[in-house]
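Working notes, structure below.
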Amino acid sequence: MQALYAQLLVGLINGSFYALLSLGLAVIFGMLNIINFAHGALYMMGAFCAYFLLDLAGIGYWWALIIAPIAVGIFGMILERTLLQWLSGLDHLYGLLLTFGIALIVQGIFQNYFGSSGLPYAIPDELKGGMNLGFMFLPIYRGWVVVFSLVICLITWYLIERTRLGAYLRAATENPTLVRAFGINVPRMITLTYGLGVGLAALAGVLSAPINQVRPLMGADLIIVVFAVVVIGGMGSIMGSIITGFALGVIEGLTKYFYPEASNTVVFVLMVLVLLVKPSGLTGRTI
């Protein structure tokens, strides 16, 4: 039973990263209609940003949680203004190819300078150690990752679905001409939305750094699974991405316990089954 609980914990942790990353993808697709294949590279940049802050400036983990998403979000907004804005109204394939190229360039640059091996990033002193729950030993940092990710996901969902700002964002994607008539700067709003989605990826990178180390290809290992999560939850569905991310992390953990050979493919099997029954995903819309 201890092995089962341990795998469930690993599944929850993985689900936390799936949820944060798929949430960022869902925000970008739902608001901007762009399939952002550079998401994994930007997740990696968040982890490297935290590493640089600590190694070069002595700025620790807690400030990195704020600075890294902002810095990578600004980089994302520059990308949107200089490259992605020209894809508005074009087929999704163009956005997919462009962001895939951006991901390869970013990963290639980091791999050229830092190699493929991981760089260590220490767990902050406040989150070291663990708790004995009786049935298992829970590392404090891993528990923190699960709780913090869930809180950020719910805040983002509330911001987009339940506030006036979120209503403006949704309206700007549906009828930008009408929104401009009310004096709202739609291009700026779109740029900030892309920055938000990218910032969520960078935040996941900072959370991942003490667990998985900082590696140039850490995003490439994860992005395919995250896309599967988004497709299952529904492209553009905020809550669908959150629920599916956590749920698939747990399912993956259970599969590792009961049938380890299928743990790397269970997500894709579920994606195929869902698409056969409901092509738009569990809660989303078709591309």
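Residue numbers start at 1 in each chain; chains themselves are named A, B, ... in the order of the structure tokens; ligands are numbered from 1 in the order shown.
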Looking only at alpha helix (DSSP H) from DSSP on the backbone, list the matching residues of region 18-262 of chain A as a count of residues only. 180
Which residues are close to Met218 (chain A), i.e. within 10 Å by only C-alpha atoms, leaving aside same-chain residues fewer than 2 positions away? Reply as a JSON list (two decimals) with N, CA and C atoms, in the first residue's frame.
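Saved result, part_33.json, follows:
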[["chain", "number", "residue", "atom", "x", "y", "z"],
["A", 40, "GLY", "N", 6.57, 24.31, -24.20],
["A", 40, "GLY", "CA", 7.56, 23.54, -23.47],
["A", 40, "GLY", "C", 8.88, 24.27, -23.33],
["A", 41, "ALA", "N", 9.30, 24.95, -24.39],
["A", 41, "ALA", "CA", 10.55, 25.73, -24.34],
["A", 41, "ALA", "C", 10.43, 26.89, -23.36],
["A", 43, "TYR", "N", 8.45, 26.93, -20.72],
["A", 43, "TYR", "CA", 8.50, 26.26, -19.41],
["A", 43, "TYR", "C", 9.95, 26.04, -18.98],
["A", 44, "MET", "N", 10.78, 25.58, -19.91],
["A", 44, "MET", "CA", 12.20, 25.41, -19.63],
["A", 44, "MET", "C", 12.87, 26.74, -19.32],
["A", 45, "MET", "N", 12.50, 27.80, -20.02],
["A", 45, "MET", "CA", 13.08, 29.11, -19.76],
["A", 45, "MET", "C", 12.74, 29.61, -18.36],
["A", 47, "ALA", "N", 12.43, 27.71, -15.69],
["A", 47, "ALA", "CA", 13.35, 27.00, -14.79],
["A", 47, "ALA", "C", 14.75, 27.60, -14.87],
["A", 107, "GLN", "N", 15.42, 25.87, -27.59],
["A", 107, "GLN", "CA", 16.04, 24.69, -27.00],
["A", 107, "GLN", "C", 17.45, 24.48, -27.52],
["A", 116, "SER", "N", 23.20, 18.84, -22.26],
["A", 116, "SER", "CA", 21.94, 18.12, -22.01],
["A", 116, "SER", "C", 21.77, 17.67, -20.57],
["A", 118, "GLY", "N", 21.47, 17.89, -16.44],
["A", 118, "GLY", "CA", 20.69, 18.77, -15.58],
["A", 118, "GLY", "C", 21.56, 19.59, -14.64],
["A", 205, "GLY", "N", 7.79, 25.91, -14.59],
["A", 205, "GLY", "CA", 9.21, 25.62, -14.68],
["A", 205, "GLY", "C", 9.95, 25.89, -13.39],
["A", 208, "SER", "N", 9.16, 23.18, -10.98],
["A", 208, "SER", "CA", 9.76, 21.90, -11.37],
["A", 208, "SER", "C", 11.26, 21.85, -11.09],
["A", 209, "ALA", "N", 11.93, 23.00, -11.06],
["A", 209, "ALA", "CA", 13.39, 23.04, -10.99],
["A", 209, "ALA", "C", 13.98, 22.24, -9.82],
["A", 212, "ASN", "N", 13.04, 18.20, -10.78],
["A", 212, "ASN", "CA", 13.52, 17.56, -12.00],
["A", 212, "ASN", "C", 14.85, 18.11, -12.50],
["A", 213, "GLN", "N", 15.46, 19.04, -11.76],
["A", 213, "GLN", "CA", 16.66, 19.74, -12.21],
["A", 213, "GLN", "C", 16.34, 20.60, -13.44],
["A", 214, "VAL", "N", 17.31, 21.44, -13.80],
["A", 214, "VAL", "CA", 17.12, 22.40, -14.89],
["A", 214, "VAL", "C", 17.86, 21.88, -16.12],
["A", 215, "ARG", "N", 17.09, 21.52, -17.17],
["A", 215, "ARG", "CA", 17.66, 20.93, -18.37],
["A", 215, "ARG", "C", 17.08, 21.60, -19.62],
["A", 216, "PRO", "N", 17.91, 21.78, -20.67],
["A", 216, "PRO", "CA", 17.39, 22.42, -21.88],
["A", 216, "PRO", "C", 16.23, 21.68, -22.54],
["A", 220, "ALA", "N", 10.70, 19.63, -23.77],
["A", 220, "ALA", "CA", 10.43, 18.71, -24.88],
["A", 220, "ALA", "C", 9.93, 17.36, -24.38],
["A", 221, "ASP", "N", 10.37, 16.97, -23.18],
["A", 221, "ASP", "CA", 9.93, 15.69, -22.61],
["A", 221, "ASP", "C", 8.46, 15.74, -22.17],
["A", 222, "LEU", "N", 7.95, 16.94, -21.97],
["A", 222, "LEU", "CA", 6.63, 17.09, -21.33],
["A", 222, "LEU", "C", 5.55, 17.59, -22.27],
["A", 223, "ILE", "N", 5.94, 18.34, -23.30],
["A", 223, "ILE", "CA", 4.94, 19.08, -24.06],
["A", 223, "ILE", "C", 3.97, 18.18, -24.81]]
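Coordinates place CA of Leu21 (chain A) at a distance of 25.6 Å from CA of Leu4 (chain A).
Nearest to Arg180 (chain A) of all the residues A:Thr193, A:Val266, A:Tyr168, A:Lys278 is A:Tyr168, based on only C-alpha atoms.
In this model, the gap between CA of Ile224 (chain A) and CA of Ala71 (chain A) comes to 24.5 Å.
In this comparison, which uses only C-alpha atoms, the residue of A:Leu254, A:Leu200, A:Leu12, A:Ile232 approaching Val145 (chain A) most closely is A:Leu12.
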Taking the backbone alone, and naming residues the way the document does, which bits of region 24-202 of chain A are strand (DSSP E or B) by DSSP, as a list in words? Leu119, Gly130, Met131, Asn132, Phe137, Leu138 and Pro139 of chain A
Same residues, N, CA, C and O atoms, output as a short mmCIF file (atom, residue, chain, number, x, y, z; two decimals), in the first residue's frame:
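Just written: result.cif:
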data_model
loop_
_atom_site.label_atom_id
_atom_site.label_comp_id
_atom_site.auth_asym_id
_atom_site.auth_seq_id
_atom_site.Cartn_x
_atom_site.Cartn_y
_atom_site.Cartn_z
N LEU A 119 21.09 20.79 -14.34
CA LEU A 119 21.74 21.67 -13.37
C LEU A 119 20.94 21.64 -12.08
O LEU A 119 19.71 21.75 -12.10
N GLY A 130 10.04 16.49 5.50
CA GLY A 130 8.79 15.82 5.14
C GLY A 130 7.92 15.60 6.36
O GLY A 130 8.28 15.94 7.50
N MET A 131 6.74 15.04 6.10
CA MET A 131 5.77 14.76 7.16
C MET A 131 5.40 13.29 7.11
O MET A 131 5.17 12.74 6.03
N ASN A 132 5.36 12.67 8.27
CA ASN A 132 4.94 11.27 8.36
C ASN A 132 3.43 11.22 8.55
O ASN A 132 2.91 11.59 9.60
N PHE A 137 5.22 8.76 3.76
CA PHE A 137 6.05 9.91 4.10
C PHE A 137 5.89 10.95 3.00
O PHE A 137 6.17 10.68 1.83
N LEU A 138 5.40 12.14 3.35
CA LEU A 138 5.11 13.18 2.37
C LEU A 138 6.19 14.26 2.40
O LEU A 138 6.30 14.99 3.39
N PRO A 139 7.03 14.37 1.35
CA PRO A 139 7.98 15.49 1.28
C PRO A 139 7.23 16.83 1.24
O PRO A 139 6.28 16.97 0.45
#
Write out as CSV a residue-level contact list of region 185-269 of chain A versus region 59-66 of chain A with cut-off 8 Å: for each qualifying residue the closest pair of atoms and the distance in Å to one decimal, counting only C-alpha atoms, rows sorted by chain and residue number upward.
residue,atom,partner,partner_atom,distance
A:Leu203,CA,A:Leu65,CA,6.3
A:Val206,CA,A:Leu65,CA,6.4
A:Leu207,CA,A:Leu65,CA,7.8
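Proximity of A:Leu178, A:Val198, A:Leu20, A:Ile13 to Ser241 (chain A), computed with only C-alpha atoms, is greatest for A:Leu20.
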